[in-house]
Structures are given as structure tokens and as C-alpha cells.
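Data block for input23.txt (compact mmCIF, C-alpha atoms):
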```txt
# COMPACT_ATOMS: atom_id res chain seq x y z
CA LEU A 813 -33.78 6.59 -9.23
CA ARG A 814 -34.07 9.76 -11.28
CA GLY A 815 -30.30 10.11 -10.97
CA ARG A 816 -29.75 6.56 -12.18
CA ALA A 817 -31.80 6.92 -15.34
CA ALA A 818 -30.06 10.19 -16.12
CA THR A 819 -26.55 8.82 -15.85
CA GLU A 820 -27.34 5.70 -17.83
CA ARG A 821 -28.96 7.61 -20.68
CA LEU A 822 -26.45 10.43 -20.90
CA GLY A 823 -23.45 8.19 -20.20
CA LEU A 824 -22.25 10.77 -17.69
CA ARG A 825 -18.70 10.50 -16.50
CA PHE A 826 -17.68 11.33 -12.97
CA ARG A 827 -14.32 12.74 -11.98
CA PHE A 828 -14.43 11.06 -8.61
CA CYS A 829 -14.82 7.72 -10.44
CA GLY A 830 -11.76 8.45 -12.53
CA ASP A 831 -13.73 9.91 -15.44
CA LEU A 832 -15.71 6.70 -15.77
CA ASP A 833 -19.34 5.76 -15.15
CA CYS A 834 -20.39 5.62 -11.55
CA PRO A 835 -20.55 1.93 -10.49
CA ASP A 836 -24.10 0.60 -10.09
CA TRP A 837 -23.63 -0.41 -6.48
CA VAL A 838 -22.49 3.10 -5.53
CA LEU A 839 -25.57 4.56 -7.18
CA ALA A 840 -27.78 2.13 -5.28
CA GLU A 841 -26.17 2.86 -1.91
CA ILE A 842 -26.47 6.63 -2.30
CA SER A 843 -30.19 6.26 -1.69
CA THR A 844 -29.35 4.44 1.57
CA LEU A 845 -27.13 7.38 2.58
CA ALA A 846 -30.05 9.74 2.13
CA LYS A 847 -31.95 7.83 4.83
CA ILE A 848 -29.44 8.93 7.48
CA SER A 849 -29.64 12.51 8.75
CA SER A 850 -26.99 14.81 7.29
CA VAL A 851 -25.52 15.57 10.71
CA LYS A 852 -25.09 11.87 11.53
CA LEU A 853 -23.70 11.21 8.05
CA LYS A 854 -20.93 13.73 8.66
CA LEU A 855 -20.02 11.91 11.90
CA ILE A 856 -20.02 8.53 10.13
CA CYS A 857 -17.72 10.07 7.49
CA ALA A 858 -15.32 11.04 10.25
CA GLN A 859 -15.18 7.39 11.37
CA VAL A 860 -14.69 6.11 7.83
CA LEU A 861 -11.88 8.63 7.35
CA ARG A 862 -10.21 7.31 10.49
CA ASP A 863 -10.26 3.84 8.97
CA LEU A 864 -8.87 5.08 5.65
CA LEU A 865 -6.08 6.89 7.50
CA GLY A 866 -5.10 3.68 9.25
CA GLU A 867 -6.56 4.44 12.67
CA ALA A 868 -9.01 2.13 14.41
CA ILE A 869 -12.60 2.45 13.28
CA GLU A 870 -15.18 2.64 16.07
CA TYR A 871 -17.87 0.37 14.69
CA ASP A 872 -20.09 0.75 17.76
CA LYS A 873 -20.29 4.50 17.23
CA ILE A 874 -21.36 3.92 13.64
CA LEU A 875 -24.01 1.46 14.77
CA LYS A 876 -25.36 4.04 17.19
CA LEU A 877 -25.41 6.74 14.54
CA THR A 878 -27.28 4.54 12.07
CA SER A 879 -29.77 3.16 14.59
CA ASP A 880 -32.24 6.01 13.97
CA ALA A 881 -32.40 5.30 10.29
CA LYS A 882 -33.40 1.71 11.12
CA LEU A 883 -30.87 0.19 8.75
CA GLU A 884 -30.26 -3.56 8.63
CA SER A 885 -26.77 -4.77 9.45
CA GLY A 886 -26.08 -5.33 5.74
CA ASP A 887 -27.00 -1.70 5.08
CA VAL A 888 -24.60 -0.43 7.73
CA LYS A 889 -21.72 -2.28 6.10
CA ALA A 890 -22.84 -1.03 2.69
CA THR A 891 -22.88 2.54 4.01
CA ILE A 892 -19.31 2.20 5.25
CA ALA A 893 -18.28 0.63 1.94
CA VAL A 894 -19.81 3.35 -0.22
CA LEU A 895 -18.37 6.15 1.91
CA SER A 896 -14.93 4.49 1.80
CA PHE A 897 -15.19 4.29 -1.94
CA ILE A 898 -16.34 7.88 -2.46
CA LEU A 899 -13.73 9.39 -0.15
CA SER A 900 -10.75 7.34 -1.29
CA SER A 901 -11.65 7.53 -4.96
CA ALA A 902 -12.08 11.31 -4.78
CA ALA A 903 -8.68 11.59 -3.09
CA LYS A 904 -7.15 9.22 -5.62
CA HIS A 905 -8.24 11.40 -8.55
CA ASN A 906 -7.50 14.64 -6.70
CA VAL A 907 -11.08 15.90 -6.91
CA ASP A 908 -11.74 19.16 -5.06
CA SER A 909 -14.47 19.31 -2.48
CA GLU A 910 -16.88 21.48 -4.55
CA SER A 911 -16.73 19.25 -7.62
CA LEU A 912 -17.30 16.20 -5.42
CA SER A 913 -20.34 17.82 -3.84
CA SER A 914 -21.81 18.72 -7.22
CA GLU A 915 -21.20 15.20 -8.62
CA LEU A 916 -22.77 13.53 -5.57
CA GLN A 917 -25.81 15.77 -5.93
CA GLN A 918 -26.08 14.79 -9.60
CA LEU A 919 -26.24 11.19 -8.38
CA GLY A 920 -29.15 12.01 -6.12
CA LEU A 921 -27.54 12.74 -2.76
CA PRO A 922 -29.42 15.62 -1.04
CA LYS A 923 -27.58 18.93 -0.81
CA GLU A 924 -27.03 18.99 2.98
CA HIS A 925 -25.71 15.42 2.94
CA ALA A 926 -23.32 16.24 0.11
CA SER A 927 -22.02 19.41 1.82
CA GLY A 928 -21.49 17.60 5.12
CA LEU A 929 -19.64 14.76 3.44
CA CYS A 930 -17.50 17.13 1.37
CA ARG A 931 -16.59 19.29 4.34
CA SER A 932 -15.26 16.16 6.13
CA TYR A 933 -13.45 15.24 2.92
CA GLU A 934 -11.90 18.66 2.51
CA ASP A 935 -10.46 18.62 6.04
CA LYS A 936 -8.72 15.33 5.47
CA GLN A 937 -8.03 15.41 1.75
CA SER A 938 -4.29 15.99 1.93
CA SER A 939 -3.77 13.53 4.82
CA LEU A 940 -5.70 10.96 2.82
CA GLN A 941 -3.57 11.57 -0.25
CA ASP A 942 -0.38 11.31 1.82
CA ARG A 943 -1.57 7.98 3.17
CA LEU A 944 -2.46 6.69 -0.30
CA ARG A 945 0.92 7.80 -1.57
CA ALA A 946 2.65 5.89 1.25
CA CYS A 947 0.60 2.76 0.49
CA SER A 948 1.46 2.80 -3.22
CA LEU A 949 3.27 -0.18 -4.63
CA ARG A 950 6.80 -0.32 -3.39
CA LEU A 951 8.94 -3.39 -3.53
CA SER A 952 11.39 -2.77 -0.77
CA GLN A 953 12.61 0.02 1.40
CA LEU A 954 16.01 0.86 2.83
CA GLY A 955 15.70 1.02 6.56
CA SER A 956 19.19 2.03 7.56
CA VAL A 957 22.87 1.72 6.65
CA CYS A 958 25.61 0.78 9.10
CA TRP A 959 29.28 1.04 8.29
CA ARG A 960 32.66 0.18 9.70
CA VAL A 961 36.15 0.83 8.39
CA ASP A 962 38.81 -1.80 9.06
CA TYR A 963 42.48 -1.86 8.25
CA THR A 964 43.91 -5.17 7.09
CA LEU A 965 47.41 -5.53 8.45
CA SER A 966 48.41 -8.92 7.21
CA SER A 967 47.00 -12.08 5.64
CA SER A 968 47.95 -15.66 4.84
CA GLU A 969 48.76 -14.51 1.29
CA LEU A 970 50.85 -11.44 2.00
CA GLN A 971 52.70 -10.43 5.14
CA GLU A 972 52.17 -6.66 4.81
CA VAL A 973 48.78 -5.83 3.36
CA ASN A 974 48.13 -2.44 4.99
CA GLU A 975 44.85 -1.70 3.27
CA PRO A 976 41.62 -0.14 4.47
CA LEU A 977 38.37 -2.08 4.08
CA VAL A 978 34.83 -0.77 4.27
CA HIS A 979 32.01 -2.91 5.70
CA LEU A 980 28.52 -1.77 4.87
CA THR A 981 25.28 -3.33 6.10
CA PHE A 982 22.07 -2.31 4.33
CA ASN A 983 18.99 -3.04 6.42
CA VAL A 984 16.25 -3.61 3.87
CA ARG A 985 12.60 -3.85 4.79
CA ASP A 986 10.29 -6.08 2.79
CA ARG A 987 7.01 -4.22 2.33
CA GLU A 988 4.78 -7.25 2.65
CA CYS A 989 5.93 -8.94 5.81
CA GLU A 990 7.56 -6.00 7.62
CA LYS A 991 10.69 -8.12 7.94
CA MET A 992 14.12 -6.49 7.98
CA THR A 993 16.85 -8.25 6.08
CA ALA A 994 20.48 -7.33 6.60
CA VAL A 995 22.57 -7.22 3.44
CA PRO A 996 26.27 -7.03 4.28
CA VAL A 997 28.77 -5.80 1.70
CA THR A 998 32.53 -5.47 2.00
CA LEU A 999 34.50 -3.15 -0.31
CA SER A 1000 38.07 -2.03 -0.84
CA ALA A 1001 38.79 1.70 -0.61
CA ASN A 1002 38.81 2.13 -4.39
CA LYS A 1003 35.56 0.25 -4.97
CA PHE A 1004 33.98 2.30 -2.24
CA ARG A 1005 35.08 5.54 -3.92
CA VAL A 1006 33.50 4.39 -7.17
CA LEU A 1007 30.26 3.47 -5.40
CA LEU A 1008 30.14 6.80 -3.63
CA ALA A 1009 30.80 8.74 -6.86
CA GLU A 1010 28.04 6.90 -8.72
CA LEU A 1011 25.55 7.41 -5.89
CA LYS A 1012 26.40 11.11 -5.77
CA GLN A 1013 25.68 11.38 -9.51
CA ALA A 1014 22.32 9.67 -8.96
CA GLN A 1015 21.59 12.07 -6.10
CA THR A 1016 22.35 15.09 -8.31
CA LEU A 1017 19.94 13.76 -10.93
CA MET A 1018 17.26 13.23 -8.30
CA ASN A 1019 17.70 16.77 -7.04
CA THR A 1020 17.06 18.19 -10.50
CA LEU A 1021 13.62 16.56 -10.36
CA LEU A 1022 12.55 17.80 -6.96
CA MET B 718 -10.88 -39.50 22.74
CA GLN B 719 -10.13 -43.16 22.15
CA TYR B 720 -9.06 -43.59 25.79
CA TYR B 721 -12.24 -41.88 26.91
CA LEU B 722 -14.34 -44.29 24.87
CA LYS B 723 -12.33 -47.26 26.07
CA GLY B 724 -12.95 -46.27 29.67
CA LYS B 725 -16.66 -45.69 29.08
CA LEU B 726 -17.41 -48.70 26.91
CA ASN B 727 -14.70 -51.11 28.01
CA ILE B 728 -13.68 -52.12 24.50
CA GLY B 729 -10.21 -52.44 23.05
CA ILE B 730 -8.58 -49.43 21.37
CA ASP B 731 -8.23 -51.19 18.05
CA THR B 732 -11.93 -51.95 17.96
CA ILE B 733 -12.76 -48.32 18.60
CA GLN B 734 -10.37 -47.16 15.91
CA HIS B 735 -11.88 -49.56 13.36
CA ALA B 736 -15.36 -48.45 14.35
CA VAL B 737 -14.55 -44.78 13.87
CA GLU B 738 -12.83 -45.42 10.55
CA GLY B 739 -15.72 -47.58 9.37
CA LEU B 740 -18.28 -44.96 10.30
CA ALA B 741 -16.27 -42.20 8.64
CA TYR B 742 -15.93 -44.27 5.47
CA LEU B 743 -19.65 -45.04 5.42
CA LEU B 744 -20.60 -41.38 5.77
CA THR B 745 -18.06 -39.97 3.32
CA GLU B 746 -18.81 -42.53 0.61
CA SER B 747 -22.54 -42.07 1.00
CA SER B 748 -22.22 -38.29 0.95
CA LYS B 749 -19.78 -38.39 -1.96
CA LEU B 750 -22.22 -40.38 -4.10
CA MET B 751 -25.23 -38.54 -2.66
CA ILE B 752 -27.18 -41.78 -2.36
CA SER B 753 -30.87 -41.74 -1.60
CA GLU B 754 -32.40 -42.74 1.74
CA VAL B 755 -33.63 -46.02 0.29
CA ASP B 756 -30.23 -46.94 -1.12
CA PHE B 757 -28.54 -46.04 2.17
CA GLN B 758 -30.96 -48.20 4.14
CA ASP B 759 -30.52 -51.11 1.73
CA SER B 760 -26.74 -50.81 1.96
CA ILE B 761 -26.55 -50.93 5.74
CA HIS B 762 -29.24 -53.57 6.03
CA VAL B 763 -26.60 -56.12 4.89
CA LEU B 764 -24.61 -55.38 8.05
CA GLY B 765 -27.35 -56.90 10.19
CA PHE B 766 -27.67 -54.16 12.79
CA SER B 767 -30.78 -53.56 14.87
CA ASP B 768 -33.55 -51.39 13.40
CA GLU B 769 -32.89 -48.70 15.97
CA LEU B 770 -29.21 -48.53 14.98
CA ASN B 771 -30.10 -48.43 11.28
CA LYS B 772 -32.44 -45.54 11.94
CA SER B 773 -29.73 -43.65 13.89
CA LEU B 774 -27.23 -44.22 11.09
CA LEU B 775 -29.68 -42.97 8.49
CA GLN B 776 -30.43 -39.86 10.55
CA LEU B 777 -26.70 -39.26 11.02
CA TYR B 778 -26.22 -39.47 7.25
CA LEU B 779 -29.10 -37.14 6.42
CA ASP B 780 -28.13 -34.57 9.04
CA ASN B 781 -24.51 -34.34 8.01
CA ARG B 782 -24.30 -35.04 4.31
CA LYS B 783 -24.54 -31.42 3.21
CA GLU B 784 -21.63 -30.38 5.40
CA ILE B 785 -19.59 -33.45 4.47
CA ARG B 786 -20.12 -32.65 0.80
CA SER B 787 -18.99 -29.08 1.21
CA ILE B 788 -15.82 -30.24 2.98
CA LEU B 789 -15.18 -32.84 0.26
CA GLY B 790 -15.59 -30.08 -2.30
CA GLU B 791 -12.73 -28.16 -0.71
CA LEU B 792 -10.37 -31.10 -1.05
CA ALA B 793 -10.05 -30.86 -4.82
CA PRO B 794 -6.64 -29.52 -5.90
CA ARG B 795 -6.72 -25.83 -6.54
CA LEU B 796 -4.57 -23.57 -8.61
CA PRO B 797 -3.57 -20.21 -7.22
CA SER B 798 -6.39 -17.77 -7.82
CA TYR B 799 -6.47 -14.04 -8.28
CA HIS B 800 -6.78 -11.98 -5.14
CA SER B 801 -5.78 -8.45 -6.12
CA LEU B 802 -3.39 -6.43 -8.26
CA GLU B 803 -1.31 -3.47 -7.17
CA TRP B 804 0.31 -1.43 -9.91
CA ARG B 805 2.37 1.65 -10.48
CA LEU B 806 3.47 3.62 -13.51
CA GLU B 807 7.07 4.76 -13.53
CA VAL B 808 9.59 6.34 -15.86
CA GLN B 809 13.30 5.57 -15.93
CA LEU B 810 15.14 8.83 -16.53
CA ALA B 811 18.74 7.79 -16.16
CA SER B 812 20.93 4.84 -15.29
CA ARG B 813 24.58 4.42 -14.53
CA SER B 814 25.31 3.67 -18.17
CA LEU B 815 22.98 6.15 -19.89
CA ARG B 816 21.62 9.55 -19.01
CA GLN B 817 18.73 11.45 -20.55
CA GLN B 818 16.41 8.50 -21.02
CA ILE B 819 12.66 8.26 -21.05
CA LYS B 820 11.66 4.67 -20.44
CA PRO B 821 8.16 4.14 -19.10
CA ALA B 822 7.29 0.91 -17.32
CA VAL B 823 4.40 -0.55 -15.40
CA THR B 824 5.29 -2.51 -12.26
CA MET B 825 2.66 -4.86 -10.88
CA LYS B 826 2.32 -7.00 -7.81
CA LEU B 827 -0.10 -9.83 -8.40
CA HIS B 828 -1.54 -11.15 -5.13
CA LEU B 829 -2.65 -14.77 -5.29
CA ASN B 830 -4.59 -17.06 -2.96
CA GLN B 831 -4.10 -20.78 -2.78
CA ASN B 832 -5.87 -22.71 -0.04
CA GLU B 833 -5.34 -20.06 2.64
CA ASP B 834 -1.80 -19.33 1.45
CA GLN B 835 -1.12 -15.89 0.08
CA SER B 836 1.65 -15.31 -2.36
CA ALA B 837 2.67 -12.39 -4.50
CA GLN B 838 4.36 -12.18 -7.86
CA VAL B 839 6.10 -9.01 -9.00
CA LEU B 840 5.97 -8.30 -12.73
CA GLN B 841 7.17 -5.44 -14.84
CA THR B 842 6.33 -4.56 -18.41
CA ASP B 843 6.53 -1.73 -20.91
CA PRO B 844 3.33 -0.04 -22.08
CA ALA B 845 3.25 -1.82 -25.47
CA THR B 846 3.34 -5.28 -23.87
CA LEU B 847 0.72 -4.18 -21.36
CA LEU B 848 -1.60 -3.19 -24.21
CA HIS B 849 -1.00 -6.57 -25.82
CA LEU B 850 -1.80 -8.29 -22.50
CA ILE B 851 -5.03 -6.32 -22.21
CA GLN B 852 -6.01 -7.24 -25.78
CA GLN B 853 -5.39 -10.93 -25.10
CA LEU B 854 -7.47 -10.86 -21.92
CA GLU B 855 -10.28 -9.03 -23.70
CA GLN B 856 -10.20 -11.65 -26.43
CA ALA B 857 -10.46 -14.37 -23.79
CA LEU B 858 -13.47 -12.63 -22.28
CA GLY B 859 -14.93 -12.25 -25.73
CA GLU B 860 -14.84 -16.03 -26.19
CA MET B 861 -17.50 -16.33 -23.50
CA LYS B 862 -19.91 -14.57 -25.82
CA MET B 863 -19.24 -16.86 -28.77
CA ASN B 864 -21.84 -19.46 -29.69
CA HIS B 865 -19.67 -22.40 -28.72
CA CYS B 866 -19.27 -21.21 -25.13
CA ARG B 867 -22.89 -20.12 -24.91
CA ARG B 868 -24.10 -23.59 -25.93
CA ILE B 869 -21.98 -25.28 -23.25
CA VAL B 870 -23.03 -22.86 -20.52
CA ARG B 871 -26.69 -23.37 -21.47
CA ASN B 872 -26.30 -27.13 -21.20
CA MET B 873 -24.64 -26.89 -17.80
CA LYS B 874 -27.62 -25.04 -16.39
```

Will you turn the file into C-alpha cells for me?
Amino acid sequence: LRGRAATERLGLRFRFCGDLDCPDWVLAEISTLAKISSVKLKLICAQVLRDLLGEAIEYDKILKLTSDAKLESGDVKATIAVLSFILSSAAKHNVDSESLSSELQQLGLPKEHASGLCRSYEDKQSSLQDRLRACSLRLSQLGSVCWRVDYTLSSSELQEVNEPLVHLTFNVRDRECEKMTAVPVTLSANKFRVLLAELKQAQTLMNTLL
Amino acid sequence: MQYYLKGKLNIGIDTIQHAVEGLAYLLTESSKLMISEVDFQDSIHVLGFSDELNKSLLQLYLDNRKEIRSILGELAPRLPSYHSLEWRLEVQLASRSLRQQIKPAVTMKLHLNQNEDQSAQVLQTDPATLLHLIQQLEQALGEMKMNHCRRIVRNMK
């Protein structure tokens, strides 16, 4: 409660909140976190990190770890929610482990709890950021490209055509429904050369940025 | 279910169907209008059933009206509602027709919910239009604080 009055009066900004005020609910739940022992809190963090990294969360383990603190079921969920928020928001804003620890202590989290939490965070910070990067908005994704070169010998229009033909199939993945759509394209040799030249120019530009 | 009832009660299927429909209509109309116990009793009295049956019907109405009302509430047509918004900030540096550009844009994916259906709308805008959008939305929020809105909200409570 001392932490709450301080932040409200001074209008303190927190880096892990994106240089904004700490949300009220986070402030409220930090006092719940203090009820759990710091050792158990570190283990709960490990579970929450698993969930954030896309692995299965072991809810039973969390229930066992919180049983000592005699939390109600609503509190357990709130604990998971506040830890998820702190860890993902810190990763989002690229906050280093020491700054996070100091900010959490300013909000009233005891020192051992903050160090435990931040040590778990530090171990997984770059994996977390990689995961967040991969989950960022992306409309579609090229899965693979298949190609085939044919040679047209003759057609109903002209007896001797004798031209090469390139068939391309782009397999595009829609991000939402994980569905692959095949986009077939057929090009003459000249068109294909133009396409290839343009894509090579784009590739050169991309390489200057890397 | 109808065949089950027919076997048990030895009545025609049509009769059972009418009975079920009649009962459903009675309960939904009563729940819809939220009529009082007295009014319900008066209404079914006209049908000339036994006292015991009237009592059962009344109990059925009282036990289920809350749930019936909540289901009826869901039946109103609904517009797609906001679920979440994903966004990203990007810069176009070059295109086939022009190199050496700097063109910032914000791409958004608006996730909407409509009666259990999820849909998504992709939008893209430049920063100036985004600022304008934010201003408009803030103005809309600001309307809630104006006296006119306040008076209406007070009266609804």
C-alpha cells in the first residue's frame, strides 16, 4: 500500500510498463505475490515462462506450490496473470533484469521475491523475445516454392512453338488458420528473367539492411 | 423424444407436439413479459386445468424464467464486437518503381467476435491518419462526459 500511494502521488513511470503508470491491478496483485515464499515464486515463474514460450503449463504444479500460501482459486489465477504480464511486458520493452528487479521493489515486492523472479526472467529473456518476435503481426508466410520447366513443342495456334515455360507454385501459409494455399503461376522465359532480376534487386536491398 | 412419450402415454404424436409447443410458448411469453405470479395464475386459470396442474405450471415458470430470459437476451441481433487488435509499425524503404524511400505505415489486424464467430479485418494506415483516428475516438469518449450523456446515463440507473 505504501508503494501504491507513492506511485500515484509521484506519477512514477515504469520501464517494464512501457514508460507508463503501473496498472492498478498489477499493483494490487503484487501484494498477493508477497504471500508466496520466494523459492516457490521462482518455481511458479518457471511454469509461467513455459506457458509464455508456448509449452504446456502444468497447472497442478502451480496449485501445489501455492497451497501453502492458502490462496483462493481466484488468487492463483491472478498470480499467473500478473506474472505473465510482468515477464512478457519486461521482455516487450527490453528491460534488463536489474532494472526490473529495482522497479518491482519500488512497487512493494520484497527483495528476495524480486531477485528470484528476475533471475528466472534473465535466463529466458532472449527466448521470450524471440517468441514474441515470431508472434508479431504477419499477414502471410511463404512456405515453399516448387518449380518445373516445360518446353512447348506445338499448339493449336502454331505448329512449331519451341518455347520454354516455367511453372511456379508458391505455397502460402495463412497465419490465422494454419492453412496452406497453393498459388500456381506460369511464365514465359523472358517474364521469368524479369521476375528473377527484380527479386535479386530486392534481395540486394534487404542485404544492405542486415 | 416424441416416440418415447407416445409409448409411455399412448397419445398421438401430433398431440404431443402441440403440447410441447404450447408449453414452450406459455413459458417464453410469460418470461419475456416477466409477469407476476398472480397474473400467471390468472392467465392459466382460463384453461380450466386442475389445481395441482396449475401449481406445477406456476412452479415451472418461476424455476425457469431467469434462465429463459437470459437465453432470450442472447437472441437479439448483434453487431460484430471488438475482441483484440494486433498492430505493427513498418517502414517502406524501396519498391520496384522507386528506391530510397522512407514511408512509415501502421498495419493492424482487428479481431472481431460475432455470436461465436471470429473474424479479422486487416487495415493499414499512415501515421497522420492514425493520429486523426485516435483524436476521433478520444472525442467520442469525451462525449460520455458531456452533460447530455450524463443526464441519460443517470436516468437509466

Exercise for review: May I have the residues of chain B within 7 Å of chain A, counting all atoms listed in the file, written as a ChimeraX atom specification?
Suggested key: /B:803-805

Check your understanding: Which neighbours of Lys820 in chain B fall inside 8 Å, counting only C-alpha atoms, when residues of the same chain fewer than 3 positions from it are skipped, and could you give them as a PyMOL selection string?
Key -> chain B and resi 808-810

Can you sort out the box for range 783-793 of chain B, edges along x, y and z, all listed atoms in, 8 Å on every side, with centre and edge lengths in Å to one decimal, as AutoDock Vina command-line options?
```
--center_x -17.3 --center_y -30.8 --center_z 0.3 --size_x 30.5 --size_y 21.3 --size_z 26.2
```

Practice item. Using all atoms listed in the file, collect all residues at a distance of at most 6 Å from (50.7, -1.9, 8.0) as written in the file, then present them as JSON, numbers by chain. Key: {"A": [965, 972, 974]}

Exercise for review: Can you work out the spacing between CA of Asp780 in chain B and CA of Ile728 in chain B in Å, to one decimal?
Suggested key: 27.5 Å

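Note that the spacing between CA of Glu924 in chain A and CA of Thr844 in chain A amounts to 14.8 Å.
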
Exercise for review: Just the residues within 7 Å of His979 in chain A, please, counting all atoms listed in the file, with nothing from its chain fewer than 6 positions along; format it as a list in words.
Suggested key: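 Using all atoms listed in the file, the neighbours found are Trp959, Arg960, Val961, Val997, Thr998 and Leu999 of chain A.
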
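For the choices A:Ser932, A:Gln918, A:Ser939, A:Ser885, the atom-to-atom distance to Ser850 in chain A is smallest for A:Ser932 when using only C-alpha atoms.
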
Exercise for review: Would you be able to write out as a PyMOL selection string which residues have an atom within 7 Å of (-18.9, 4.4, 4.9) in the file's coordinates, counting all atoms listed in the file?
Suggested key: chain A and resi 856-857+860+891-896

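For the atom pair formed by CA of Met751 in chain B and CA of Leu792 in chain B, the distance is 16.7 Å, given to one decimal.
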
Exercise for review: Mind checking which residues fall within 12 Å of Leu744 in chain B, counting only C-alpha atoms, ignoring those fewer than 5 positions away in the same chain, and posting them as JSON, numbers by chain?
Suggested key: {"B": [737, 738, 739, 749, 750, 751, 752, 757, 760, 761, 774, 775, 776, 777, 778, 779, 780, 781, 782, 783, 784, 785, 786, 789]}

Writing out the chosen residues with C-alpha atoms as a short mmCIF file (atom, residue, chain, number, x, y, z; two decimals), in the frame of the given file:
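What ended up in result_25.cif:
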```
data_model
loop_
_atom_site.label_atom_id
_atom_site.label_comp_id
_atom_site.auth_asym_id
_atom_site.auth_seq_id
_atom_site.Cartn_x
_atom_site.Cartn_y
_atom_site.Cartn_z
CA VAL B 737 -14.55 -44.78 13.87
CA GLU B 738 -12.83 -45.42 10.55
CA GLY B 739 -15.72 -47.58 9.37
CA LYS B 749 -19.78 -38.39 -1.96
CA LEU B 750 -22.22 -40.38 -4.10
CA MET B 751 -25.23 -38.54 -2.66
CA ILE B 752 -27.18 -41.78 -2.36
CA PHE B 757 -28.54 -46.04 2.17
CA SER B 760 -26.74 -50.81 1.96
CA ILE B 761 -26.55 -50.93 5.74
CA LEU B 774 -27.23 -44.22 11.09
CA LEU B 775 -29.68 -42.97 8.49
CA GLN B 776 -30.43 -39.86 10.55
CA LEU B 777 -26.70 -39.26 11.02
CA TYR B 778 -26.22 -39.47 7.25
CA LEU B 779 -29.10 -37.14 6.42
CA ASP B 780 -28.13 -34.57 9.04
CA ASN B 781 -24.51 -34.34 8.01
CA ARG B 782 -24.30 -35.04 4.31
CA LYS B 783 -24.54 -31.42 3.21
CA GLU B 784 -21.63 -30.38 5.40
CA ILE B 785 -19.59 -33.45 4.47
CA ARG B 786 -20.12 -32.65 0.80
CA LEU B 789 -15.18 -32.84 0.26
#
```

Exercise for review: Determine, counting all atoms listed in the file, which protein, DNA and RNA residues have an atom within 6 Å of an atom of range 868-878 of chain A; residues of the same chain fewer than 5 positions away are not included. Present the result as a PyMOL selection string.
Suggested key: chain A and resi 852+856+859+863

Restricted to C-alpha atoms, what would the selected residues look like written as a compact mmCIF listing (two decimals), in the coordinates of the input?
```txt
# COMPACT_ATOMS: atom_id res chain seq x y z
CA LYS A 852 -25.09 11.87 11.53
CA ILE A 856 -20.02 8.53 10.13
CA GLN A 859 -15.18 7.39 11.37
CA ASP A 863 -10.26 3.84 8.97
```

Written record: range 830-847 of chain A, N, CA and C atoms, as a short mmCIF file (atom, residue, chain, number, x, y, z; two decimals), in the first residue's frame:
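selection_13.cif, written as the output of this step:
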```
data_model
loop_
_atom_site.label_atom_id
_atom_site.label_comp_id
_atom_site.auth_asym_id
_atom_site.auth_seq_id
_atom_site.Cartn_x
_atom_site.Cartn_y
_atom_site.Cartn_z
N GLY A 830 6.28 0.00 -20.21
CA GLY A 830 6.38 0.82 -21.40
C GLY A 830 6.43 2.30 -21.09
N ASP A 831 7.11 2.65 -20.00
CA ASP A 831 7.22 4.05 -19.57
C ASP A 831 5.87 4.67 -19.25
N LEU A 832 4.96 3.84 -18.78
CA LEU A 832 3.65 4.36 -18.36
C LEU A 832 3.47 4.03 -16.88
N ASP A 833 2.32 4.47 -16.33
CA ASP A 833 1.98 4.09 -14.96
C ASP A 833 1.80 2.58 -14.87
N CYS A 834 2.07 2.06 -13.70
CA CYS A 834 1.81 0.64 -13.49
C CYS A 834 0.29 0.46 -13.35
N PRO A 835 -0.31 -0.49 -14.08
CA PRO A 835 -1.76 -0.68 -13.95
C PRO A 835 -2.17 -1.03 -12.52
N ASP A 836 -3.34 -0.55 -12.12
CA ASP A 836 -3.80 -0.76 -10.74
C ASP A 836 -3.86 -2.22 -10.35
N TRP A 837 -4.31 -3.06 -11.29
CA TRP A 837 -4.50 -4.47 -10.92
C TRP A 837 -3.15 -5.15 -10.65
N VAL A 838 -2.11 -4.69 -11.39
CA VAL A 838 -0.78 -5.27 -11.18
C VAL A 838 -0.29 -4.92 -9.79
N LEU A 839 -0.50 -3.64 -9.43
CA LEU A 839 -0.11 -3.16 -8.11
C LEU A 839 -0.79 -3.98 -7.02
N ALA A 840 -2.09 -4.23 -7.22
CA ALA A 840 -2.85 -4.97 -6.22
C ALA A 840 -2.35 -6.41 -6.10
N GLU A 841 -2.03 -7.03 -7.22
CA GLU A 841 -1.62 -8.44 -7.19
C GLU A 841 -0.21 -8.63 -6.65
N ILE A 842 0.60 -7.57 -6.68
CA ILE A 842 1.97 -7.71 -6.17
C ILE A 842 1.94 -8.06 -4.68
N SER A 843 0.93 -7.55 -3.97
CA SER A 843 0.84 -7.91 -2.55
C SER A 843 0.47 -9.39 -2.39
N THR A 844 -0.28 -9.94 -3.35
CA THR A 844 -0.58 -11.38 -3.32
C THR A 844 0.70 -12.17 -3.54
N LEU A 845 1.57 -11.70 -4.44
CA LEU A 845 2.81 -12.41 -4.73
C LEU A 845 3.67 -12.51 -3.48
N ALA A 846 3.63 -11.45 -2.66
CA ALA A 846 4.47 -11.43 -1.46
C ALA A 846 4.05 -12.51 -0.47
N LYS A 847 2.81 -13.01 -0.60
CA LYS A 847 2.34 -14.03 0.34
C LYS A 847 2.99 -15.39 0.07
#
```
